[in-house]
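S.K.: Coordinates in work_31.tsv, TSV, C-alpha atoms, are listed below.
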chain	number	residue	atom	x	y	z
A	1	MET	CA	-90.24	98.85	2.20
A	2	GLY	CA	-90.55	95.49	0.50
A	3	SER	CA	-87.06	95.83	-0.97
A	4	GLY	CA	-85.65	96.68	2.46
A	5	HIS	CA	-87.24	93.63	4.07
A	6	ALA	CA	-86.11	91.40	1.21
A	7	LYS	CA	-82.50	92.54	1.59
A	8	TYR	CA	-82.07	91.41	5.19
A	9	LEU	CA	-83.94	88.17	4.50
A	10	ILE	CA	-81.70	87.37	1.52
A	11	GLU	CA	-78.64	88.13	3.63
A	12	GLY	CA	-79.80	85.57	6.19
A	13	GLN	CA	-80.16	88.11	9.00
A	14	VAL	CA	-83.41	86.52	10.23
A	15	SER	CA	-82.79	83.07	11.67
A	16	GLY	CA	-85.31	80.51	10.47
A	17	ALA	CA	-86.67	82.60	7.58
A	18	VAL	CA	-85.92	82.19	3.86
A	19	LEU	CA	-87.18	84.50	1.12
A	20	THR	CA	-88.74	82.16	-1.44
A	21	ALA	CA	-91.15	84.27	-3.48
A	22	ILE	CA	-92.03	87.89	-4.22
A	23	SER	CA	-95.01	89.54	-5.85
A	24	ASP	CA	-95.36	92.86	-7.64
A	25	VAL	CA	-97.92	94.16	-10.13
A	26	SER	CA	-95.05	95.64	-12.17
A	27	PRO	CA	-93.31	93.10	-14.45
A	28	GLU	CA	-90.37	95.49	-14.68
A	29	ARG	CA	-89.88	95.55	-10.93
A	30	LEU	CA	-90.14	91.78	-10.75
A	31	ALA	CA	-87.52	91.39	-13.44
A	32	ALA	CA	-85.22	93.86	-11.72
A	33	ALA	CA	-85.64	92.08	-8.39
A	34	LYS	CA	-84.83	88.69	-9.88
A	35	ALA	CA	-81.81	90.12	-11.65
A	36	GLN	CA	-80.59	91.59	-8.38
A	37	TRP	CA	-81.47	88.73	-6.04
A	38	GLY	CA	-81.08	85.69	-8.28
A	39	GLU	CA	-83.28	83.21	-10.12
A	40	GLY	CA	-83.85	81.15	-6.98
A	41	ILE	CA	-86.62	83.51	-5.90
A	42	ARG	CA	-89.97	82.95	-7.64
A	43	GLY	CA	-91.76	86.05	-8.92
A	44	PHE	CA	-95.53	86.50	-9.16
A	45	GLU	CA	-97.43	89.35	-10.79
A	46	SER	CA	-100.49	88.33	-8.75
A	47	ALA	CA	-100.37	88.26	-4.96
A	48	SER	CA	-103.27	85.79	-5.02
A	49	ASP	CA	-101.27	83.39	-7.16
A	50	MET	CA	-98.35	83.63	-4.75
A	51	PHE	CA	-100.62	82.97	-1.75
A	52	ARG	CA	-101.90	79.80	-3.45
A	53	SER	CA	-98.56	78.64	-4.86
A	54	GLY	CA	-97.72	76.29	-2.00
A	55	LEU	CA	-94.20	77.72	-1.96
A	56	ILE	CA	-94.52	79.80	1.18
A	57	ASP	CA	-95.56	79.47	4.82
A	58	GLY	CA	-95.99	83.17	5.56
A	59	VAL	CA	-96.19	86.52	3.84
A	60	LEU	CA	-94.97	90.03	4.66
A	61	LEU	CA	-97.40	92.53	3.13
A	62	CYS	CA	-95.78	95.75	1.89
A	63	THR	CA	-98.58	97.16	-0.23
A	64	PRO	CA	-100.74	100.34	-0.33
A	65	HIS	CA	-102.66	101.06	2.86
A	66	TYR	CA	-106.10	100.15	1.53
A	67	ASP	CA	-104.85	96.72	0.44
A	68	HIS	CA	-103.52	95.59	3.84
A	69	PRO	CA	-106.74	94.15	5.34
A	70	ARG	CA	-108.01	92.66	2.08
A	71	GLN	CA	-104.74	90.89	1.29
A	72	ALA	CA	-104.22	89.79	4.89
A	73	ILE	CA	-107.67	88.18	4.96
A	74	GLU	CA	-106.95	86.41	1.67
A	75	ALA	CA	-103.53	85.17	2.83
A	76	LEU	CA	-104.91	83.94	6.15
A	77	GLY	CA	-107.63	82.13	4.25
A	78	CYS	CA	-104.90	80.36	2.26
A	79	GLY	CA	-103.39	79.07	5.50
A	80	LEU	CA	-100.49	81.54	5.62
A	81	HIS	CA	-99.00	83.35	8.57
A	82	VAL	CA	-99.13	87.12	8.02
A	83	LEU	CA	-96.93	90.08	8.93
A	84	VAL	CA	-98.46	93.33	7.70
A	85	GLU	CA	-96.73	96.67	7.29
A	86	LYS	CA	-98.15	99.65	9.13
A	87	PRO	CA	-100.78	101.00	9.12
A	88	ALA	CA	-103.14	98.08	9.68
A	89	GLY	CA	-105.50	99.75	7.23
A	90	VAL	CA	-107.25	103.05	6.61
A	91	TYR	CA	-110.48	102.57	8.55
A	92	THR	CA	-111.22	100.46	11.60
A	93	LYS	CA	-114.29	98.76	10.14
A	94	GLN	CA	-112.12	96.94	7.61
A	95	VAL	CA	-109.31	96.28	10.11
A	96	ARG	CA	-111.77	94.72	12.53
A	97	GLU	CA	-112.76	92.26	9.79
A	98	MET	CA	-109.06	91.45	9.31
A	99	ASN	CA	-108.63	90.83	13.03
A	100	GLU	CA	-111.63	88.51	13.09
A	101	ALA	CA	-110.22	86.56	10.14
A	102	ALA	CA	-106.88	86.23	11.94
A	103	ALA	CA	-108.58	84.95	15.08
A	104	ARG	CA	-110.43	82.29	13.07
A	105	SER	CA	-107.33	81.22	11.17
A	106	GLY	CA	-105.15	80.17	14.08
A	107	LYS	CA	-102.15	81.58	12.20
A	108	VAL	CA	-99.50	83.96	13.53
A	109	PHE	CA	-100.54	87.52	12.70
A	110	GLY	CA	-98.15	90.40	13.34
A	111	ILE	CA	-97.77	94.06	12.39
A	112	MET	CA	-94.58	95.93	11.58
A	113	TYR	CA	-94.59	98.24	14.62
A	114	ASN	CA	-90.80	98.33	14.61
A	115	GLN	CA	-90.64	101.28	17.00
A	116	ARG	CA	-91.74	98.91	19.77
A	117	THR	CA	-88.18	97.58	19.59
A	118	ASN	CA	-86.75	101.04	20.37
A	119	PRO	CA	-85.16	100.76	23.83
A	120	LEU	CA	-86.43	104.24	24.78
A	121	TYR	CA	-90.09	103.31	24.40
A	122	ALA	CA	-89.61	99.79	25.73
A	123	LYS	CA	-88.09	101.31	28.89
A	124	LEU	CA	-90.94	103.82	29.19
A	125	LYS	CA	-93.53	101.07	28.92
A	126	ASP	CA	-91.67	99.07	31.57
A	127	LEU	CA	-91.48	102.02	33.97
A	128	ILE	CA	-95.18	102.77	33.62
A	129	ALA	CA	-96.30	99.13	33.86
A	130	SER	CA	-94.14	98.58	36.96
A	131	GLY	CA	-95.85	101.45	38.78
A	132	GLU	CA	-92.70	103.57	38.96
A	133	LEU	CA	-94.62	106.65	37.76
A	134	GLY	CA	-97.86	105.93	39.58
A	135	GLU	CA	-101.13	106.92	37.96
A	136	ILE	CA	-100.72	108.90	34.74
A	137	ARG	CA	-102.32	112.34	34.75
A	138	ARG	CA	-101.31	113.89	31.44
A	139	THR	CA	-99.62	112.92	28.18
A	140	ASN	CA	-98.25	115.30	25.56
A	141	TRP	CA	-96.62	114.37	22.27
A	142	ILE	CA	-95.40	117.00	19.84
A	143	ILE	CA	-94.23	115.25	16.70
A	144	THR	CA	-93.69	117.90	14.03
A	145	ASN	CA	-90.36	116.76	12.55
A	146	TRP	CA	-92.04	115.04	9.61
A	147	TYR	CA	-91.11	117.84	7.21
A	148	ARG	CA	-92.22	117.10	3.65
A	149	PRO	CA	-91.79	119.63	0.79
A	150	GLN	CA	-94.26	119.90	-2.08
A	151	ALA	CA	-91.83	117.90	-4.23
A	152	TYR	CA	-92.42	114.87	-1.99
A	153	TYR	CA	-96.16	115.02	-2.57
A	154	ASP	CA	-95.68	115.60	-6.30
A	155	SER	CA	-93.52	112.47	-6.62
A	156	GLY	CA	-96.57	110.20	-6.92
A	157	GLY	CA	-100.13	110.91	-7.99
A	158	TRP	CA	-101.50	108.67	-5.23
A	159	ARG	CA	-99.70	110.55	-2.48
A	160	ALA	CA	-101.70	112.69	-0.05
A	161	THR	CA	-105.03	111.82	-1.66
A	162	TRP	CA	-108.08	110.25	-0.04
A	163	ALA	CA	-108.49	107.67	-2.80
A	164	GLY	CA	-104.82	106.78	-3.14
A	165	GLU	CA	-103.52	106.93	0.42
A	166	GLY	CA	-106.55	107.33	2.65
A	167	GLY	CA	-105.17	110.25	4.63
A	168	GLY	CA	-102.12	112.34	5.36
A	169	VAL	CA	-99.76	112.70	8.28
A	170	LEU	CA	-101.90	110.52	10.57
A	171	ILE	CA	-101.98	107.51	8.23
A	172	ASN	CA	-98.58	107.92	6.58
A	173	GLN	CA	-96.08	109.36	9.07
A	174	ASP	CA	-97.68	108.93	12.52
A	175	PRO	CA	-98.86	105.31	12.84
A	176	HIS	CA	-95.80	104.46	14.97
A	177	GLN	CA	-96.32	107.37	17.36
A	178	LEU	CA	-100.05	106.73	17.66
A	179	ASP	CA	-99.28	103.11	18.49
A	180	LEU	CA	-96.58	104.02	21.02
A	181	TRP	CA	-98.82	106.67	22.60
A	182	GLN	CA	-101.35	104.04	23.65
A	183	TRP	CA	-98.94	101.08	23.97
A	184	THR	CA	-96.58	102.71	26.46
A	185	THR	CA	-99.26	104.18	28.72
A	186	GLY	CA	-101.97	101.51	28.57
A	187	LEU	CA	-104.56	104.29	28.89
A	188	LYS	CA	-108.01	103.86	27.35
A	189	PRO	CA	-109.50	106.96	25.69
A	190	ALA	CA	-113.02	108.04	26.60
A	191	ARG	CA	-113.54	110.93	24.17
A	192	MET	CA	-111.54	113.15	21.81
A	193	ARG	CA	-111.73	116.57	20.17
A	194	ALA	CA	-109.42	117.29	17.26
A	195	PHE	CA	-108.68	120.07	14.80
A	196	CYS	CA	-107.12	119.26	11.42
A	197	GLY	CA	-105.69	121.44	8.69
A	198	PHE	CA	-106.18	119.93	5.23
A	199	GLY	CA	-103.61	120.98	2.65
A	200	LYS	CA	-102.14	123.59	4.96
A	201	HIS	CA	-99.19	125.32	3.23
A	202	ARG	CA	-99.19	122.46	0.70
A	203	ASP	CA	-101.21	121.63	-2.42
A	204	ILE	CA	-102.68	118.34	-1.14
A	205	GLU	CA	-106.11	116.97	-0.20
A	206	VAL	CA	-105.42	115.40	3.16
A	207	GLU	CA	-104.57	116.44	6.71
A	208	ASN	CA	-101.05	117.72	7.36
A	209	ASP	CA	-101.65	119.66	10.58
A	210	VAL	CA	-103.37	118.10	13.61
A	211	THR	CA	-103.97	119.09	17.21
A	212	ALA	CA	-105.96	116.57	19.25
A	213	TYR	CA	-107.11	116.57	22.86
A	214	VAL	CA	-108.15	113.31	24.52
A	215	GLU	CA	-109.75	112.49	27.85
A	216	TYR	CA	-108.98	109.05	29.28
A	217	GLU	CA	-111.16	106.75	31.36
A	218	ASN	CA	-109.00	107.31	34.48
A	219	GLY	CA	-109.45	111.10	34.27
A	220	ALA	CA	-106.08	111.81	32.65
A	221	THR	CA	-105.84	114.02	29.57
A	222	GLY	CA	-103.58	114.01	26.54
A	223	VAL	CA	-102.56	116.23	23.64
A	224	PHE	CA	-101.13	115.08	20.31
A	225	VAL	CA	-99.72	117.65	17.87
A	226	THR	CA	-98.32	116.76	14.46
A	227	SER	CA	-97.58	118.33	11.07
A	228	THR	CA	-95.46	117.97	7.92
A	229	PHE	CA	-94.63	121.62	7.14
A	230	GLU	CA	-92.72	122.83	10.23
A	231	CYS	CA	-88.98	123.21	9.96
A	232	PRO	CA	-87.21	122.65	12.23
A	233	GLY	CA	-89.70	120.34	13.88
A	234	THR	CA	-89.97	118.84	17.35
A	235	ASN	CA	-90.27	115.31	18.68
A	236	ARG	CA	-91.03	115.50	22.41
A	237	TYR	CA	-93.08	112.96	24.36
A	238	GLU	CA	-93.96	113.91	27.93
A	239	ILE	CA	-95.81	111.90	30.58
A	240	SER	CA	-96.85	113.52	33.85
A	241	ALA	CA	-97.90	111.21	36.68
A	242	ASP	CA	-98.40	110.98	40.42
A	243	ARG	CA	-94.73	110.15	41.05
A	244	GLY	CA	-93.14	112.60	38.64
A	245	LYS	CA	-92.58	113.32	34.97
A	246	ILE	CA	-90.74	111.63	32.11
A	247	VAL	CA	-89.66	113.37	28.91
A	248	ILE	CA	-88.30	111.63	25.82
A	249	GLU	CA	-86.53	113.99	23.44
A	250	ASN	CA	-83.38	113.89	21.32
A	251	ASP	CA	-83.04	110.14	21.94
A	252	ASN	CA	-82.77	110.67	25.69
A	253	MET	CA	-85.10	109.96	28.61
A	254	THR	CA	-85.20	112.34	31.57
A	255	PHE	CA	-87.07	111.46	34.75
A	256	TRP	CA	-88.10	114.11	37.30
A	257	ARG	CA	-88.95	111.76	40.17
A	258	LEU	CA	-90.90	112.94	43.21
A	259	ARG	CA	-89.53	111.70	46.52
A	260	GLN	CA	-93.12	111.49	47.72
A	261	PRO	CA	-96.15	110.89	45.45
A	262	GLU	CA	-97.98	114.15	44.73
A	263	SER	CA	-101.27	112.73	45.97
A	264	GLU	CA	-99.73	111.76	49.29
A	265	PHE	CA	-97.89	115.08	49.62
A	266	ASN	CA	-101.03	117.06	48.88
A	267	ARG	CA	-102.99	115.10	51.46
A	268	THR	CA	-100.50	115.71	54.29
A	269	ASN	CA	-98.92	119.07	53.45
A	270	LYS	CA	-99.99	122.19	55.45
A	271	GLU	CA	-97.82	124.86	53.73
A	272	SER	CA	-99.42	127.09	51.09
A	273	PHE	CA	-96.57	127.15	48.55
A	274	ALA	CA	-94.71	123.95	49.35
A	275	GLN	CA	-94.11	121.25	46.76
A	276	PRO	CA	-92.66	117.72	46.80
A	277	GLU	CA	-88.92	117.23	46.62
A	278	VAL	CA	-87.87	116.40	43.04
A	279	TRP	CA	-84.87	114.40	41.82
A	280	LYS	CA	-83.86	114.85	38.17
A	281	PHE	CA	-81.81	112.21	36.39
A	282	ASP	CA	-81.23	110.66	32.99
A	283	VAL	CA	-82.59	107.13	32.70
A	284	PRO	CA	-79.97	104.71	31.34
A	285	ILE	CA	-81.16	103.06	28.13
A	286	ALA	CA	-79.81	99.71	27.00
A	287	PRO	CA	-78.44	99.49	23.46
A	288	GLY	CA	-80.28	97.53	20.82
A	289	GLY	CA	-83.49	97.76	18.91
A	290	SER	CA	-82.93	96.46	15.39
A	291	GLN	CA	-86.29	97.77	14.22
A	292	HIS	CA	-87.83	96.00	11.20
A	293	LYS	CA	-85.47	93.04	11.32
A	294	GLU	CA	-86.26	92.45	15.00
A	295	ILE	CA	-90.01	92.43	14.37
A	296	THR	CA	-89.54	89.97	11.49
A	297	GLN	CA	-87.33	87.77	13.68
A	298	ASN	CA	-89.90	87.87	16.47
A	299	TRP	CA	-92.68	86.91	14.01
A	300	THR	CA	-90.56	84.05	12.68
A	301	ASP	CA	-89.83	82.84	16.22
A	302	ALA	CA	-93.54	83.01	17.02
A	303	ILE	CA	-94.23	80.68	14.08
A	304	LEU	CA	-91.40	78.25	14.78
A	305	LYS	CA	-91.11	78.37	18.56
A	306	GLY	CA	-94.32	79.89	19.89
A	307	THR	CA	-92.53	83.04	21.10
A	308	PRO	CA	-95.01	85.77	22.15
A	309	LEU	CA	-95.39	88.53	19.56
A	310	LEU	CA	-94.01	91.94	20.41
A	311	ALA	CA	-96.47	93.49	17.97
A	312	PRO	CA	-99.60	91.33	17.49
A	313	GLY	CA	-101.44	92.25	14.32
A	314	GLU	CA	-104.71	92.65	16.21
A	315	GLU	CA	-103.21	95.63	18.05
A	316	GLY	CA	-102.93	97.64	14.84
A	317	ILE	CA	-106.51	98.75	15.34
A	318	HIS	CA	-105.69	100.75	18.47
A	319	GLY	CA	-103.54	103.46	16.91
A	320	LEU	CA	-105.79	103.52	13.83
A	321	THR	CA	-108.79	104.14	16.09
A	322	LEU	CA	-107.05	107.25	17.42
A	323	SER	CA	-106.35	108.62	13.93
A	324	ASN	CA	-109.90	107.80	12.75
A	325	ALA	CA	-111.26	109.60	15.82
A	326	MET	CA	-109.16	112.69	15.07
A	327	LEU	CA	-110.39	112.91	11.50
A	328	LEU	CA	-114.01	112.21	12.45
A	329	SER	CA	-113.89	114.93	15.10
A	330	ALA	CA	-112.57	117.41	12.55
A	331	TRP	CA	-115.09	116.37	9.89
A	332	THR	CA	-118.06	116.65	12.26
A	333	ASP	CA	-116.64	119.61	14.21
A	334	ASP	CA	-117.56	117.83	17.44
A	335	TRP	CA	-116.40	115.50	20.19
A	336	VAL	CA	-115.98	111.82	19.32
A	337	GLU	CA	-116.83	109.24	21.96
A	338	PHE	CA	-115.06	105.86	22.22
A	339	PRO	CA	-115.74	103.38	20.79
A	340	ILE	CA	-116.02	105.49	17.67
A	341	ASP	CA	-118.90	105.29	15.19
A	342	GLU	CA	-117.16	103.17	12.53
A	343	GLU	CA	-120.04	103.41	10.08
A	344	LEU	CA	-120.08	107.20	10.27
A	345	PHE	CA	-116.32	107.38	9.72
A	346	TYR	CA	-116.60	105.07	6.71
A	347	GLU	CA	-119.41	107.22	5.29
A	348	LYS	CA	-117.41	110.44	5.68
A	349	LEU	CA	-114.31	108.82	4.19
A	350	GLN	CA	-116.26	107.62	1.14
A	351	GLU	CA	-117.47	111.18	0.54
A	352	ARG	CA	-113.86	112.35	0.36
A	353	ILE	CA	-112.77	109.44	-1.80
A	354	ALA	CA	-115.56	110.28	-4.26
A	355	ALA	CA	-114.25	113.85	-4.53
A	356	SER	CA	-110.57	112.84	-4.64
A	357	ALA	CA	-108.30	113.99	-7.44
A	358	VAL	CA	-107.06	110.44	-8.06
A	359	THR	CA	-108.94	107.24	-8.78
A	360	VAL	CA	-107.62	103.77	-8.02
A	361	GLY	CA	-108.66	100.35	-9.13
Turn the structure described in the file into C-alpha cells.
M.R.:
Amino acid sequence: MGSGHAKYLIEGQVSGAVLTAISDVSPERLAAAKAQWGEGIRGFESASDMFRSGLIDGVLLCTPHYDHPRQAIEALGCGLHVLVEKPAGVYTKQVREMNEAAARSGKVFGIMYNQRTNPLYAKLKDLIASGELGEIRRTNWIITNWYRPQAYYDSGGWRATWAGEGGGVLINQDPHQLDLWQWTTGLKPARMRAFCGFGKHRDIEVENDVTAYVEYENGATGVFVTSTFECPGTNRYEISADRGKIVIENDNMTFWRLRQPESEFNRTNKESFAQPEVWKFDVPIAPGGSQHKEITQNWTDAILKGTPLLAPGEEGIHGLTLSNAMLLSAWTDDWVEFPIDEELFYEKLQERIAASAVTVG
C-alpha cells in the first residue's frame, strides 16, 4: 500500500502534498524505491528517525496492523499530522490510547477509510441521515467475495496468524465493510452474538468464517456474514426500514419505497392481508470516488485549509469494536455487551498470540 500511495503523491495527484521522505526496515526496498523515484526523496531505515528528521509535516502509516497505534502515537508526539492505513489497530484498548494522543496533540488525524468516498455508500448515508428511509429496523450484509486460496496465506509467514496479523478476515479484509456498516446507518449496537470458524477449509490460525447477530439500541437487528473460502462469493448490503428497503449489490442501489410508512399503515389498516403500496426504482449514483487518493487529498486539505475530515482517525475504533466483539463472543461462547470488555479481549488475544505459530519482534 505504501508504494501505491507514494506513486500518486510523486505524480502530483494530491494538491498541496509533496512526498519528501520514506521509511522501510528493508535496506533493499529503500534502495529500490530511491532508484525508482529519484534521489530527491530521503530514505530512513528507522521510522523514528524519519519522524524526528524535521523534513516532514505529516506521515502516512502503511505498516503492519499492530504497529499502527504505536507509530501514530510516536508521530503525533513529534508534532506530525497522521494518516493511518486501516485497520486502526488490532485491539480497541490500544486504539483508544492512540485516539487520546491525537486529541492531546491538536494535529490532523485521519484514517484510510477510502470506501467512504464510494458514491454508493455516500448516497446511502445521505438517504438514511435525511430520514428518507425512516427508522431502520434491520441490516444484513453478506460479504463473502473475499476468496483467498491457501497459496495466498502461504505467501508470508506472518499472514493469518495471531502474532503476525492479529486476526483473519475481520482484521484484514473486512475493516472497510465494518466501518461502512456503522457509518452509513448511525446505529449504536447494544449487544452481539457471533460464531467464528478458525482455519475453516484452510491451514491457518485465525477466523475465516464469521456469522454475527447484533441488537441495536433502537430495537433494530443486524446480521453480518463473511468468509474467505466461498467461490463465487456475494457482496449484498440490505437495509430494511419504516419507509422501505434499500439493497446495494453489483455496484447498484435499488430502493423499494413504501408510499406510506409501515408504522402508519399498520396503525390505520383494517384488512387482514393488506400491505403498503411499494414503488421499486434504481437510485441514480453520481460518478466519482477516487478512493485512497481522495482520502489523502481530504487529509491534506484539512491540514492546509481546515476542511472537515471525511474519515477522522478517531472513528477507526468503531469498526474495530465490532470485530473485537465478534471474536470475543466466539471465544467466550456468549453474548457480548457494548461497550465491550477491552481488558478481557486483550487477555484472550494474548493467549492466542502466545500459542501462535509465528513470533514477531
S.K.: As an exercise, work out the distance from CA of Glu238 in chain A to CA of Asn140 in chain A in Å and give it to one decimal place.
M.R.: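 One can read the CA of Glu238 in chain A to CA of Asn140 in chain A distance as 5.1 Å.
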S.K.: As an exercise, work out the distance from CA of Ser15 in chain A to CA of Lys34 in chain A in Å and give it to one decimal place.
M.R.: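 CA of Lys34 in chain A lies at a distance of 22.4 Å from CA of Ser15 in chain A.
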S.K.: I'd like the contact shell of Thr184 in chain A - 6 Å cut-off, only C-alpha atoms, skipping same-chain residues fewer than 3 positions apart - returned as JSON, numbers by chain.
M.R.: {"A": [125, 180, 181]}
S.K.: Using all atoms listed in the file, pick whichever of A:Val206, A:Ala194, A:Leu133, A:Thr226 has the shortest atom-to-atom distance to Tyr153 in chain A.
M.R.: A:Val206
S.K.: Place a sphere of radius 9 Å on (-85.3, 102.4, 27.8) in the file coordinates and name every protein, DNA or RNA residue with an atom inside or on its surface, counting only C-alpha atoms; give the answer as a PyMOL selection string.
M.R.: chain A and resi 118-127+252-253+283-287
S.K.: Which residue is closest to Gln350 in chain A? Choose from A:Arg104, A:Asp334, A:Tyr91, A:Val82 and count only C-alpha atoms.
M.R.: A:Tyr91
S.K.: Which protein, DNA or RNA residues are at most 12 Å from (-118.3, 103.8, 5.8) in the file's coordinates when you count all atoms listed in the file, listed as number ranges by chain?
M.R.: A: 90-94, 324, 328, 341-353
S.K.: Compare A:Ala21, A:Ala33, A:Ala354, A:Ala75 by their minimum atom-to-atom distance to Gly4 in chain A, counting all atoms listed in the file, and give me the closest one.
M.R.: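 Of A:Ala21, A:Ala33, A:Ala354, A:Ala75, the one nearest Gly4 in chain A is A:Ala33, counting all atoms listed in the file.
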S.K.: Could you state the separation of CA of Asp49 in chain A and CA of His81 in chain A in Å, given to one decimal place?
M.R.: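 Answer for the CA of Asp49 in chain A to CA of His81 in chain A separation: 15.9 Å.
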S.K.: Out of A:Gln173, A:Ser290, A:Thr228, A:Ser356, which residue has the shortest atom-to-atom distance to Asn114 in chain A when counting only C-alpha atoms?
M.R.: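 Among the listed residues, A:Ser290 lies closest to Asn114 in chain A.
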S.K.: Would you mind telling me which residue in A:Val25, A:Met98, A:Val336, A:Cys231 lies nearest to Trp146 in chain A when using all atoms listed in the file?
M.R.: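 Smallest distance to Trp146 in chain A is found for A:Cys231.
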S.K.: Find the residues around Cys196 in chain A up to 9 Å (all atoms listed in the file counted), leave out those fewer than 6 positions away in its own chain, and share them as a list in words.
M.R.: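 Once the nearby chain positions are removed, what remains is Glu207, Asn208, Asp209, Val210, Thr211, Ala212, Met326, Leu327, Ser329, Ala330 and Trp331 of chain A.
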S.K.: Which residue, A:Glu271, A:Glu45, A:Glu11, A:Glu100, has the smallest gap to Pro27 in chain A when you use only C-alpha atoms?
M.R.: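 Looking only at the distances to Pro27 in chain A, the closest residue turns out to be A:Glu45.
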S.K.: Find the spatial neighbours of Glu215 in chain A, counting only C-alpha atoms, within a cut-off of 10 Å - ignore same-chain residues fewer than 5 positions away - and output them as a ChimeraX atom specification.
M.R.: /A:138,187-193,220-223,337
S.K.: Can you list, as a PyMOL selection string, every protein, DNA or RNA residue that comes within 10 Å of range 67-72 of chain A when you count all atoms listed in the file, leaving out same-chain residues fewer than 3 positions away?
M.R.: chain A and resi 47-48+51+59-64+75-78+80-92+94-99+101-102+109
S.K.: Selected residues, C-alpha atoms, written as a CSV table (one decimal), in the frame of the given file, please.
M.R.:
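Everything below was put into result_11.csv:
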chain,number,residue,atom,x,y,z
A,47,ALA,CA,-100.4,88.3,-5.0
A,48,SER,CA,-103.3,85.8,-5.0
A,51,PHE,CA,-100.6,83.0,-1.8
A,59,VAL,CA,-96.2,86.5,3.8
A,60,LEU,CA,-95.0,90.0,4.7
A,61,LEU,CA,-97.4,92.5,3.1
A,62,CYS,CA,-95.8,95.8,1.9
A,63,THR,CA,-98.6,97.2,-0.2
A,64,PRO,CA,-100.7,100.3,-0.3
A,75,ALA,CA,-103.5,85.2,2.8
A,76,LEU,CA,-104.9,83.9,6.2
A,77,GLY,CA,-107.6,82.1,4.2
A,78,CYS,CA,-104.9,80.4,2.3
A,80,LEU,CA,-100.5,81.5,5.6
A,81,HIS,CA,-99.0,83.4,8.6
A,82,VAL,CA,-99.1,87.1,8.0
A,83,LEU,CA,-96.9,90.1,8.9
A,84,VAL,CA,-98.5,93.3,7.7
A,85,GLU,CA,-96.7,96.7,7.3
A,86,LYS,CA,-98.2,99.6,9.1
A,87,PRO,CA,-100.8,101.0,9.1
A,88,ALA,CA,-103.1,98.1,9.7
A,89,GLY,CA,-105.5,99.8,7.2
A,90,VAL,CA,-107.2,103.0,6.6
A,91,TYR,CA,-110.5,102.6,8.6
A,92,THR,CA,-111.2,100.5,11.6
A,94,GLN,CA,-112.1,96.9,7.6
A,95,VAL,CA,-109.3,96.3,10.1
A,96,ARG,CA,-111.8,94.7,12.5
A,97,GLU,CA,-112.8,92.3,9.8
A,98,MET,CA,-109.1,91.4,9.3
A,99,ASN,CA,-108.6,90.8,13.0
A,101,ALA,CA,-110.2,86.6,10.1
A,102,ALA,CA,-106.9,86.2,11.9
A,109,PHE,CA,-100.5,87.5,12.7
